[in-house]
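Student: Have a peek at structure-v5.cif (mmCIF, C-alpha atoms).
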data_coords
#
loop_
_atom_site.group_PDB
_atom_site.id
_atom_site.type_symbol
_atom_site.label_atom_id
_atom_site.label_comp_id
_atom_site.auth_asym_id
_atom_site.auth_seq_id
_atom_site.Cartn_x
_atom_site.Cartn_y
_atom_site.Cartn_z
ATOM 1 C CA MET A 1 0.000 0.000 0.000
ATOM 2 C CA LEU A 2 1.446 3.352 -1.036
ATOM 3 C CA SER A 3 1.775 6.067 1.601
ATOM 4 C CA ALA A 4 -0.171 9.307 1.456
ATOM 5 C CA ARG A 5 3.109 11.228 1.093
ATOM 6 C CA THR A 6 4.100 9.156 -1.937
ATOM 7 C CA LEU A 7 0.725 9.703 -3.569
ATOM 8 C CA LEU A 8 0.829 13.437 -2.856
ATOM 9 C CA ILE A 9 4.300 13.864 -4.355
ATOM 10 C CA ARG A 10 3.322 11.751 -7.342
ATOM 11 C CA GLY A 11 0.190 13.817 -7.839
ATOM 12 C CA MET A 12 2.167 17.066 -7.812
ATOM 13 C CA VAL A 13 4.730 15.705 -10.281
ATOM 14 C CA VAL A 14 2.011 14.417 -12.588
ATOM 15 C CA GLY A 15 0.226 17.756 -12.140
ATOM 16 C CA ALA A 16 3.319 19.596 -13.351
ATOM 17 C CA ILE A 17 3.385 17.385 -16.449
ATOM 18 C CA ALA A 18 -0.325 18.008 -16.958
ATOM 19 C CA GLY A 19 0.400 21.737 -16.711
ATOM 20 C CA VAL A 20 2.957 21.471 -19.515
ATOM 21 C CA VAL A 21 0.472 19.539 -21.674
ATOM 22 C CA ALA A 22 -2.205 22.146 -20.942
ATOM 23 C CA TYR A 23 0.204 24.941 -21.865
ATOM 24 C CA LEU A 24 1.005 23.310 -25.210
ATOM 25 C CA PHE A 25 -2.693 22.754 -25.945
ATOM 26 C CA ALA A 26 -3.632 26.309 -24.964
ATOM 27 C CA THR A 27 -0.817 27.723 -27.087
ATOM 28 C CA LEU A 28 -1.848 25.662 -30.104
ATOM 29 C CA PHE A 29 -5.607 26.186 -29.928
ATOM 30 C CA GLY A 30 -6.231 29.137 -27.601
ATOM 31 C CA GLU A 31 -3.754 31.828 -28.552
ATOM 32 C CA GLY A 32 -5.242 32.377 -32.011
ATOM 33 C CA PRO A 33 -8.740 33.250 -30.723
ATOM 34 C CA ILE A 34 -7.235 35.440 -27.995
ATOM 35 C CA ASN A 35 -5.173 37.409 -30.502
ATOM 36 C CA ASP A 36 -8.241 37.849 -32.726
ATOM 37 C CA ALA A 37 -10.272 39.051 -29.731
ATOM 38 C CA ILE A 38 -7.556 41.548 -28.770
ATOM 39 C CA ALA A 39 -7.503 42.834 -32.348
ATOM 40 C CA PHE A 40 -11.284 43.319 -32.164
ATOM 41 C CA GLU A 41 -10.941 45.176 -28.860
ATOM 42 C CA GLU A 42 -8.232 47.464 -30.198
ATOM 43 C CA ALA A 43 -10.187 48.205 -33.362
ATOM 44 C CA HIS A 44 -13.244 49.286 -31.340
ATOM 45 C CA ALA A 45 -11.446 51.054 -28.486
ATOM 46 C CA ALA A 46 -11.797 54.791 -28.080
ATOM 47 C CA PRO A 47 -8.726 56.656 -29.342
ATOM 48 C CA LEU A 48 -6.360 58.031 -26.716
ATOM 49 C CA PRO A 49 -5.849 61.791 -26.431
ATOM 50 C CA ALA A 50 -3.020 63.232 -28.486
ATOM 51 C CA GLY A 51 0.385 62.614 -26.944
ATOM 52 C CA GLU A 52 -0.783 59.795 -24.671
ATOM 53 C CA HIS A 53 0.268 56.184 -25.101
ATOM 54 C CA GLU A 54 -1.002 53.045 -23.436
ATOM 55 C CA HIS A 55 1.748 51.237 -21.533
ATOM 56 C CA GLU A 56 1.505 47.505 -20.774
ATOM 57 C CA LEU A 57 2.849 46.312 -17.428
ATOM 58 C CA VAL A 58 3.489 42.901 -19.002
ATOM 59 C CA SER A 59 3.864 42.547 -22.746
ATOM 60 C CA ARG A 60 1.561 40.289 -24.711
ATOM 61 C CA THR A 61 4.561 38.166 -25.715
ATOM 62 C CA VAL A 62 5.482 37.495 -22.090
ATOM 63 C CA GLN A 63 1.852 36.787 -21.205
ATOM 64 C CA SER A 64 1.466 34.187 -23.942
ATOM 65 C CA THR A 65 4.786 32.418 -23.301
ATOM 66 C CA ILE A 66 6.496 32.563 -19.912
ATOM 67 C CA GLY A 67 3.420 33.840 -18.106
ATOM 68 C CA LEU A 68 1.081 31.201 -19.519
ATOM 69 C CA ALA A 69 3.610 28.393 -18.980
ATOM 70 C CA THR A 70 4.261 29.415 -15.365
ATOM 71 C CA ALA A 71 0.563 29.735 -14.549
ATOM 72 C CA SER A 72 -0.247 26.391 -16.193
ATOM 73 C CA ILE A 73 2.473 24.508 -14.327
ATOM 74 C CA ILE A 74 1.699 26.062 -10.935
ATOM 75 C CA TYR A 75 -2.005 25.364 -11.435
ATOM 76 C CA GLY A 76 -1.187 21.795 -12.467
ATOM 77 C CA ILE A 77 0.968 21.179 -9.385
ATOM 78 C CA ALA A 78 -1.738 22.460 -7.020
ATOM 79 C CA LEU A 79 -4.464 20.552 -8.843
ATOM 80 C CA GLY A 80 -2.346 17.392 -8.897
ATOM 81 C CA GLY A 81 -1.880 17.513 -5.141
ATOM 82 C CA LEU A 82 -5.597 17.886 -4.503
ATOM 83 C CA TYR A 83 -6.320 15.182 -7.061
ATOM 84 C CA ALA A 84 -3.941 12.744 -5.352
ATOM 85 C CA ILE A 85 -5.721 13.318 -2.035
ATOM 86 C CA ALA A 86 -9.081 12.658 -3.726
ATOM 87 C CA VAL A 87 -7.758 9.409 -5.240
ATOM 88 C CA ALA A 88 -6.447 8.279 -1.839
ATOM 89 C CA ILE A 89 -9.870 8.938 -0.290
ATOM 90 C CA ALA A 90 -11.748 7.221 -3.118
ATOM 91 C CA ALA A 91 -9.552 4.094 -3.211
ATOM 92 C CA GLY A 92 -11.629 1.146 -2.025
ATOM 93 C CA ARG A 93 -14.722 3.286 -1.462
ATOM 94 C CA VAL A 94 -16.147 3.391 -4.999
ATOM 95 C CA GLY A 95 -16.194 -0.325 -5.648
ATOM 96 C CA ARG A 96 -13.571 -2.959 -6.302
ATOM 97 C CA LEU A 97 -11.699 -0.997 -8.930
ATOM 98 C CA SER A 98 -8.059 -1.136 -9.883
ATOM 99 C CA ALA A 99 -5.765 1.787 -9.135
ATOM 100 C CA ARG A 100 -5.901 2.866 -12.777
ATOM 101 C CA ALA A 101 -9.702 2.681 -12.915
ATOM 102 C CA THR A 102 -10.040 4.601 -9.641
ATOM 103 C CA ALA A 103 -7.681 7.320 -10.878
ATOM 104 C CA GLY A 104 -9.607 7.607 -14.148
ATOM 105 C CA LEU A 105 -12.966 7.775 -12.390
ATOM 106 C CA VAL A 106 -11.775 10.497 -10.000
ATOM 107 C CA ALA A 107 -10.322 12.469 -12.917
ATOM 108 C CA LEU A 108 -13.602 12.229 -14.816
ATOM 109 C CA ALA A 109 -15.563 13.329 -11.745
ATOM 110 C CA GLY A 110 -13.139 16.215 -11.215
ATOM 111 C CA PHE A 111 -13.468 17.378 -14.797
ATOM 112 C CA VAL A 112 -17.262 17.299 -14.599
ATOM 113 C CA GLY A 113 -17.461 19.089 -11.266
ATOM 114 C CA VAL A 114 -14.667 21.637 -11.654
ATOM 115 C CA ALA A 115 -14.780 22.347 -15.406
ATOM 116 C CA LEU A 116 -17.885 21.095 -17.223
ATOM 117 C CA VAL A 117 -20.658 22.164 -14.827
ATOM 118 C CA PRO A 118 -19.377 25.772 -14.486
ATOM 119 C CA PHE A 119 -18.818 25.883 -18.253
ATOM 120 C CA LEU A 120 -22.492 25.115 -18.900
ATOM 121 C CA LYS A 121 -23.626 28.297 -17.143
ATOM 122 C CA TYR A 122 -20.659 30.663 -17.159
ATOM 123 C CA PRO A 123 -18.283 29.725 -19.986
ATOM 124 C CA PRO A 124 -15.030 31.698 -20.200
ATOM 125 C CA THR A 125 -14.957 34.760 -22.387
ATOM 126 C CA PRO A 126 -12.037 36.219 -24.368
ATOM 127 C CA PRO A 127 -10.823 39.819 -24.143
ATOM 128 C CA ALA A 128 -13.289 42.497 -25.294
ATOM 129 C CA THR A 129 -16.341 40.493 -24.196
ATOM 130 C CA GLY A 130 -16.587 41.364 -20.514
ATOM 131 C CA ASN A 131 -17.576 44.450 -18.559
ATOM 132 C CA PRO A 132 -14.852 45.368 -16.012
ATOM 133 C CA ASP A 133 -17.528 46.703 -13.662
ATOM 134 C CA THR A 134 -19.082 43.233 -13.299
ATOM 135 C CA LEU A 135 -15.807 41.308 -12.943
ATOM 136 C CA GLN A 136 -16.235 40.676 -9.230
ATOM 137 C CA GLN A 137 -19.820 39.475 -9.676
ATOM 138 C CA ARG A 138 -18.903 37.189 -12.564
ATOM 139 C CA THR A 139 -15.972 35.749 -10.633
ATOM 140 C CA GLY A 140 -18.176 35.043 -7.629
ATOM 141 C CA LEU A 141 -20.797 33.315 -9.763
ATOM 142 C CA TYR A 142 -18.173 31.189 -11.471
ATOM 143 C CA PHE A 143 -16.664 29.969 -8.187
ATOM 144 C CA LEU A 144 -20.172 29.323 -6.891
ATOM 145 C CA MET A 145 -20.727 27.028 -9.866
ATOM 146 C CA ILE A 146 -17.479 25.189 -9.066
ATOM 147 C CA VAL A 147 -18.687 24.582 -5.510
ATOM 148 C CA ILE A 148 -22.064 23.406 -6.821
ATOM 149 C CA GLY A 149 -20.409 21.142 -9.397
ATOM 150 C CA VAL A 150 -18.072 19.484 -6.890
ATOM 151 C CA ALA A 151 -20.838 19.098 -4.299
ATOM 152 C CA THR A 152 -23.157 17.570 -6.888
ATOM 153 C CA VAL A 153 -20.552 15.031 -7.989
ATOM 154 C CA ILE A 154 -19.821 14.017 -4.384
ATOM 155 C CA GLY A 155 -23.542 13.816 -3.646
ATOM 156 C CA ALA A 156 -24.147 11.615 -6.695
ATOM 157 C CA VAL A 157 -21.427 9.210 -5.540
ATOM 158 C CA LEU A 158 -22.862 9.015 -2.027
ATOM 159 C CA VAL A 159 -26.418 8.493 -3.284
ATOM 160 C CA GLY A 160 -25.266 5.815 -5.706
ATOM 161 C CA ARG A 161 -23.457 3.944 -2.957
ATOM 162 C CA SER A 162 -26.425 4.135 -0.587
ATOM 163 C CA LEU A 163 -28.777 2.708 -3.233
ATOM 164 C CA GLN A 164 -26.415 0.024 -4.498
ATOM 165 C CA THR A 165 -27.542 -2.738 -2.127
ATOM 166 C CA ARG A 166 -31.225 -2.234 -2.999
ATOM 167 C CA LEU A 167 -31.082 -1.401 -6.707
ATOM 168 C CA GLY A 168 -27.820 -2.899 -7.881
ATOM 169 C CA THR A 169 -24.794 -1.056 -9.228
ATOM 170 C CA TRP A 170 -26.202 -0.148 -12.646
ATOM 171 C CA ASN A 171 -29.629 1.066 -11.468
ATOM 172 C CA ALA A 172 -28.177 2.920 -8.497
ATOM 173 C CA SER A 173 -25.668 4.690 -10.712
ATOM 174 C CA THR A 174 -28.395 5.618 -13.196
ATOM 175 C CA VAL A 175 -30.650 7.057 -10.492
ATOM 176 C CA ALA A 176 -27.767 9.051 -8.999
ATOM 177 C CA LEU A 177 -26.674 10.467 -12.363
ATOM 178 C CA VAL A 178 -30.210 11.404 -13.422
ATOM 179 C CA GLY A 179 -30.841 13.057 -10.055
ATOM 180 C CA ALA A 180 -27.591 15.013 -10.313
ATOM 181 C CA ALA A 181 -28.422 16.136 -13.855
ATOM 182 C CA VAL A 182 -31.882 17.339 -12.809
ATOM 183 C CA LEU A 183 -30.453 19.213 -9.823
ATOM 184 C CA VAL A 184 -27.774 20.917 -11.915
ATOM 185 C CA GLY A 185 -30.347 21.803 -14.565
ATOM 186 C CA ALA A 186 -32.579 23.449 -11.968
ATOM 187 C CA ILE A 187 -29.643 25.416 -10.548
ATOM 188 C CA LEU A 188 -28.584 26.549 -14.015
ATOM 189 C CA TYR A 189 -32.116 27.803 -14.613
ATOM 190 C CA VAL A 190 -32.293 29.732 -11.329
ATOM 191 C CA LEU A 191 -28.907 31.450 -11.375
ATOM 192 C CA PRO A 192 -28.632 34.750 -13.267
ATOM 193 C CA THR A 193 -27.405 34.732 -16.840
ATOM 194 C CA VAL A 194 -24.367 36.785 -17.834
ATOM 195 C CA ASN A 195 -24.165 37.928 -21.468
ATOM 196 C CA GLU A 196 -21.766 40.788 -22.118
ATOM 197 C CA VAL A 197 -20.614 39.915 -25.624
ATOM 198 C CA PRO A 198 -20.593 43.169 -27.645
ATOM 199 C CA ASP A 199 -22.417 43.583 -30.914
ATOM 200 C CA GLY A 200 -20.353 42.639 -33.918
ATOM 201 C CA PHE A 201 -18.180 40.120 -32.080
ATOM 202 C CA SER A 202 -17.823 36.950 -34.126
ATOM 203 C CA PRO A 203 -19.813 34.051 -32.616
ATOM 204 C CA ILE A 204 -17.430 31.622 -34.320
ATOM 205 C CA LEU A 205 -14.471 33.292 -32.605
ATOM 206 C CA LEU A 206 -16.286 33.141 -29.261
ATOM 207 C CA TRP A 207 -17.061 29.455 -29.737
ATOM 208 C CA ARG A 208 -13.465 28.664 -30.745
ATOM 209 C CA PHE A 209 -12.156 30.356 -27.608
ATOM 210 C CA ARG A 210 -14.601 28.536 -25.356
ATOM 211 C CA LEU A 211 -13.857 25.163 -26.942
ATOM 212 C CA ALA A 212 -10.127 25.799 -26.497
ATOM 213 C CA SER A 213 -10.688 26.681 -22.830
ATOM 214 C CA LEU A 214 -12.745 23.555 -22.183
ATOM 215 C CA GLY A 215 -10.256 21.469 -24.149
ATOM 216 C CA THR A 216 -7.406 22.759 -22.001
ATOM 217 C CA GLN A 217 -9.246 21.600 -18.902
ATOM 218 C CA ALA A 218 -10.024 18.261 -20.544
ATOM 219 C CA VAL A 219 -6.395 17.487 -21.432
ATOM 220 C CA THR A 220 -5.301 18.543 -17.929
ATOM 221 C CA TRP A 221 -7.673 16.137 -16.217
ATOM 222 C CA ALA A 222 -7.047 13.388 -18.783
ATOM 223 C CA THR A 223 -3.295 13.612 -18.227
ATOM 224 C CA LEU A 224 -3.809 13.472 -14.470
ATOM 225 C CA GLY A 225 -6.068 10.444 -14.638
ATOM 226 C CA LEU A 226 -4.122 8.417 -17.207
ATOM 227 C CA LEU A 227 -0.582 9.102 -15.999
ATOM 228 C CA PHE A 228 -1.316 8.982 -12.264
ATOM 229 C CA GLY A 229 -3.258 5.737 -12.668
ATOM 230 C CA TYR A 230 -0.521 4.150 -14.746
ATOM 231 C CA LEU A 231 2.264 5.065 -12.319
ATOM 232 C CA THR A 232 0.284 3.980 -9.260
ATOM 233 C CA GLU A 233 -0.708 0.641 -10.737
ATOM 234 C CA ARG A 234 2.876 -0.027 -11.823
ATOM 235 C CA SER A 235 4.144 0.758 -8.313
ATOM 236 C CA GLN A 236 1.634 -1.626 -6.784
ATOM 237 C CA ARG A 237 2.738 -4.434 -9.102
ATOM 238 C CA ARG A 238 6.363 -3.879 -8.082
ATOM 239 C CA GLN A 239 5.643 -4.127 -4.366
ATOM 240 C CA PRO A 240 6.928 -7.431 -2.948
ATOM 241 C CA ILE A 241 4.337 -9.939 -1.788
ATOM 242 C CA PRO A 242 4.739 -10.723 1.934
ATOM 243 C CA ALA A 243 6.151 -14.202 2.544
ATOM 244 C CA ALA A 244 3.770 -16.725 4.022
ATOM 245 C CA GLN A 245 4.304 -17.440 7.709
ATOM 246 C CA PRO A 246 5.075 -21.038 8.620
ATOM 247 C CA VAL A 247 2.268 -22.881 10.320
ATOM 248 C CA ALA A 248 3.112 -24.194 13.727
ATOM 249 C CA ALA A 249 2.894 -27.941 14.104
#
Just give me the structure as structure tokens.

Tutor:
Amino acid sequence: MLSARTLLIRGMVVGAIAGVVAYLFATLFGEGPINDAIAFEEAHAAPLPAGEHEHELVSRTVQSTIGLATASIIYGIALGGLYAIAVAIAAGRVGRLSARATAGLVALAGFVGVALVPFLKYPPTPPATGNPDTLQQRTGLYFLMIVIGVATVIGAVLVGRSLQTRLGTWNASTVALVGAAVLVGAILYVLPTVNEVPDGFSPILLWRFRLASLGTQAVTWATLGLLFGYLTERSQRRQPIPAAQPVAA
């Protein structure tokens, strides 16, 4: 049995790798829509008074290279540590699953709760599509959706386990998933809608940016689940089997 410290360190290392993968994906698929959105914002911005120039604290080049890479890796390390703790808690409590299957299931649940559920109500928006005056409100609503998504996933697991002895694994899982979907749907309907996309902004560009954002989350969680599960299962196979004790005559 692997120690909690070993799992935590492994999760952080795998998280750093996931951060690199996320950075590469975001650079390949996300930077184009961001640059197009910035060009739209600059084309529709009010001209500065004569003699004045806008100064950037951090250049766009630094933001899209070193800044994005650093943020992705730090986020991946933190997420990997939390993910490893979740895997350690889930091991043996979600059925008789292998280490790889448990890691994959936790990664899927994390992606749904942390990324997909908030995306359904408050998808990310590129530059030029948000009102700075509502930034605090939008941020609060987004984090509220993360809390709701994680709580719903945990609740679905607990409900499924409690119904398993009466309904069986398949029926219990179906009831839990349908109940979670209905609950999330009702919450999505009740919470306020935020739509600050300006007139004339390309819907295709908006959709490309949002798909790239969701894809970045997807590859992050997929890397966590696949690599962490593989390494953990391999470590378990390498552990020596305790020798049988001799039976006293």

Student: Report as a PyMOL selection string all protein, DNA and RNA residues lying within 12 Å of range 123-129 of chain A, evaluated on only C-alpha atoms, omitting residues in the same chain fewer than 2 positions from it.

Tutor: chain A and resi 30-45+115-121+131-132+134-135+138-139+141-143+145-146+193-203+205-217

Student: Determine the nearest neighbour of Tyr230 in chain A from the options A:Ile85, A:Ala99, A:Val21, A:Ala4, counting all atoms listed in the file.

Tutor: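 Checking each of A:Ile85, A:Ala99, A:Val21, A:Ala4 against Tyr230 in chain A, counting all atoms listed in the file, the winner is A:Ala99.
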
Student: Kindly give the distance, in Å, that separates CA of Ala69 in chain A and CA of Thr102 in chain A, rounded to a single decimal.

Tutor: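 If I compute the distance from CA of Ala69 in chain A to CA of Thr102 in chain A, I get 29.0 Å.
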
Student: Calculate, to one decimal in Å, the centre and edge lengths of the box along x, y and z of the file that holds all listed atoms of range 132-150 of chain A with 8 Å of margin on each side, and present them as JSON.

Tutor:
{"center_x": -18.5, "center_y": 33.1, "center_z": -10.8, "size_x": 23.2, "size_y": 43.2, "size_z": 26.5}

Student: In Å, rounded to a single decimal, give me how far CA of Ala176 in chain A is from CA of Val159 in chain A.

Tutor: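 It comes out at 5.9 Å.
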
Student: A:Thr70, A:Asn171, A:Thr152, A:Thr232: which is nearest Gly113 in chain A, counting all atoms listed in the file?

Tutor: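 Using all atoms listed in the file, Gly113 in chain A sits closest to A:Thr152.
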
Student: Quick check, in Å to one decimal: how far apart do CA of Arg100 in chain A and CA of Leu224 in chain A lie?

Tutor: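 That distance, rounded to one decimal, is 10.9 Å.
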
Student: From the options A:Gly155, A:Gly19, A:Gly149, A:Gly110, which residue's atoms come nearest to Ala71 in chain A, counting all atoms listed in the file?

Tutor: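 Result for the nearest residue to Ala71 in chain A: A:Gly19.
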
Student: Generate a file for range 172-201 of chain A, containing N, CA and C atoms, as a PDB file, in the first residue's frame.

Tutor:
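File produced: part.pdb:
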ATOM      1  N   ALA A 172     -28.525   1.889  -9.479  1.00  0.00           N
ATOM      2  CA  ALA A 172     -28.177   2.920  -8.497  1.00  0.00           C
ATOM      3  C   ALA A 172     -27.381   4.041  -9.151  1.00  0.00           C
ATOM      4  N   SER A 173     -26.455   3.669 -10.018  1.00  0.00           N
ATOM      5  CA  SER A 173     -25.668   4.690 -10.712  1.00  0.00           C
ATOM      6  C   SER A 173     -26.548   5.530 -11.629  1.00  0.00           C
ATOM      7  N   THR A 174     -27.496   4.889 -12.298  1.00  0.00           N
ATOM      8  CA  THR A 174     -28.395   5.618 -13.196  1.00  0.00           C
ATOM      9  C   THR A 174     -29.256   6.613 -12.426  1.00  0.00           C
ATOM     10  N   VAL A 175     -29.816   6.170 -11.307  1.00  0.00           N
ATOM     11  CA  VAL A 175     -30.650   7.057 -10.492  1.00  0.00           C
ATOM     12  C   VAL A 175     -29.834   8.240  -9.987  1.00  0.00           C
ATOM     13  N   ALA A 176     -28.616   7.975  -9.521  1.00  0.00           N
ATOM     14  CA  ALA A 176     -27.767   9.051  -8.999  1.00  0.00           C
ATOM     15  C   ALA A 176     -27.400  10.054 -10.092  1.00  0.00           C
ATOM     16  N   LEU A 177     -27.060   9.567 -11.271  1.00  0.00           N
ATOM     17  CA  LEU A 177     -26.674  10.467 -12.363  1.00  0.00           C
ATOM     18  C   LEU A 177     -27.862  11.291 -12.851  1.00  0.00           C
ATOM     19  N   VAL A 178     -29.028  10.663 -12.985  1.00  0.00           N
ATOM     20  CA  VAL A 178     -30.210  11.404 -13.422  1.00  0.00           C
ATOM     21  C   VAL A 178     -30.590  12.460 -12.387  1.00  0.00           C
ATOM     22  N   GLY A 179     -30.539  12.089 -11.105  1.00  0.00           N
ATOM     23  CA  GLY A 179     -30.841  13.057 -10.055  1.00  0.00           C
ATOM     24  C   GLY A 179     -29.878  14.228 -10.054  1.00  0.00           C
ATOM     25  N   ALA A 180     -28.584  13.939 -10.262  1.00  0.00           N
ATOM     26  CA  ALA A 180     -27.591  15.013 -10.313  1.00  0.00           C
ATOM     27  C   ALA A 180     -27.830  15.923 -11.510  1.00  0.00           C
ATOM     28  N   ALA A 181     -28.174  15.334 -12.658  1.00  0.00           N
ATOM     29  CA  ALA A 181     -28.422  16.136 -13.855  1.00  0.00           C
ATOM     30  C   ALA A 181     -29.634  17.044 -13.668  1.00  0.00           C
ATOM     31  N   VAL A 182     -30.686  16.522 -13.054  1.00  0.00           N
ATOM     32  CA  VAL A 182     -31.882  17.339 -12.809  1.00  0.00           C
ATOM     33  C   VAL A 182     -31.568  18.473 -11.846  1.00  0.00           C
ATOM     34  N   LEU A 183     -30.811  18.181 -10.799  1.00  0.00           N
ATOM     35  CA  LEU A 183     -30.453  19.213  -9.823  1.00  0.00           C
ATOM     36  C   LEU A 183     -29.621  20.312 -10.468  1.00  0.00           C
ATOM     37  N   VAL A 184     -28.616  19.920 -11.251  1.00  0.00           N
ATOM     38  CA  VAL A 184     -27.774  20.917 -11.915  1.00  0.00           C
ATOM     39  C   VAL A 184     -28.591  21.735 -12.901  1.00  0.00           C
ATOM     40  N   GLY A 185     -29.496  21.076 -13.629  1.00  0.00           N
ATOM     41  CA  GLY A 185     -30.347  21.803 -14.565  1.00  0.00           C
ATOM     42  C   GLY A 185     -31.203  22.850 -13.873  1.00  0.00           C
ATOM     43  N   ALA A 186     -31.756  22.498 -12.712  1.00  0.00           N
ATOM     44  CA  ALA A 186     -32.579  23.449 -11.968  1.00  0.00           C
ATOM     45  C   ALA A 186     -31.736  24.628 -11.470  1.00  0.00           C
ATOM     46  N   ILE A 187     -30.514  24.343 -11.021  1.00  0.00           N
ATOM     47  CA  ILE A 187     -29.643  25.416 -10.548  1.00  0.00           C
ATOM     48  C   ILE A 187     -29.241  26.330 -11.697  1.00  0.00           C
ATOM     49  N   LEU A 188     -28.930  25.746 -12.844  1.00  0.00           N
ATOM     50  CA  LEU A 188     -28.584  26.549 -14.015  1.00  0.00           C
ATOM     51  C   LEU A 188     -29.730  27.471 -14.420  1.00  0.00           C
ATOM     52  N   TYR A 189     -30.943  27.005 -14.250  1.00  0.00           N
ATOM     53  CA  TYR A 189     -32.116  27.803 -14.613  1.00  0.00           C
ATOM     54  C   TYR A 189     -32.321  28.960 -13.637  1.00  0.00           C
ATOM     55  N   VAL A 190     -32.019  28.732 -12.358  1.00  0.00           N
ATOM     56  CA  VAL A 190     -32.293  29.732 -11.329  1.00  0.00           C
ATOM     57  C   VAL A 190     -31.228  30.829 -11.305  1.00  0.00           C
ATOM     58  N   LEU A 191     -29.990  30.455 -11.475  1.00  0.00           N
ATOM     59  CA  LEU A 191     -28.907  31.450 -11.375  1.00  0.00           C
ATOM     60  C   LEU A 191     -28.990  32.475 -12.503  1.00  0.00           C
ATOM     61  N   PRO A 192     -28.546  33.696 -12.243  1.00  0.00           N
ATOM     62  CA  PRO A 192     -28.632  34.750 -13.267  1.00  0.00           C
ATOM     63  C   PRO A 192     -27.727  34.454 -14.454  1.00  0.00           C
ATOM     64  N   THR A 193     -28.176  34.910 -15.614  1.00  0.00           N
ATOM     65  CA  THR A 193     -27.405  34.732 -16.840  1.00  0.00           C
ATOM     66  C   THR A 193     -26.522  35.951 -17.080  1.00  0.00           C
ATOM     67  N   VAL A 194     -25.304  35.706 -17.524  1.00  0.00           N
ATOM     68  CA  VAL A 194     -24.367  36.785 -17.834  1.00  0.00           C
ATOM     69  C   VAL A 194     -24.084  36.747 -19.336  1.00  0.00           C
ATOM     70  N   ASN A 195     -24.408  37.839 -20.027  1.00  0.00           N
ATOM     71  CA  ASN A 195     -24.165  37.928 -21.468  1.00  0.00           C
ATOM     72  C   ASN A 195     -23.680  39.334 -21.785  1.00  0.00           C
ATOM     73  N   GLU A 196     -22.361  39.470 -21.883  1.00  0.00           N
ATOM     74  CA  GLU A 196     -21.766  40.788 -22.118  1.00  0.00           C
ATOM     75  C   GLU A 196     -20.970  40.820 -23.420  1.00  0.00           C
ATOM     76  N   VAL A 197     -21.304  39.932 -24.333  1.00  0.00           N
ATOM     77  CA  VAL A 197     -20.614  39.915 -25.624  1.00  0.00           C
ATOM     78  C   VAL A 197     -21.080  41.113 -26.443  1.00  0.00           C
ATOM     79  N   PRO A 198     -20.182  41.963 -26.909  1.00  0.00           N
ATOM     80  CA  PRO A 198     -20.593  43.169 -27.645  1.00  0.00           C
ATOM     81  C   PRO A 198     -21.127  42.837 -29.030  1.00  0.00           C
ATOM     82  N   ASP A 199     -21.900  43.747 -29.561  1.00  0.00           N
ATOM     83  CA  ASP A 199     -22.417  43.583 -30.914  1.00  0.00           C
ATOM     84  C   ASP A 199     -21.258  43.571 -31.911  1.00  0.00           C
ATOM     85  N   GLY A 200     -21.370  42.719 -32.887  1.00  0.00           N
ATOM     86  CA  GLY A 200     -20.353  42.639 -33.918  1.00  0.00           C
ATOM     87  C   GLY A 200     -19.238  41.656 -33.626  1.00  0.00           C
ATOM     88  N   PHE A 201     -19.215  41.101 -32.405  1.00  0.00           N
ATOM     89  CA  PHE A 201     -18.180  40.120 -32.080  1.00  0.00           C
ATOM     90  C   PHE A 201     -18.536  38.788 -32.720  1.00  0.00           C
TER      91      PHE A 201
END
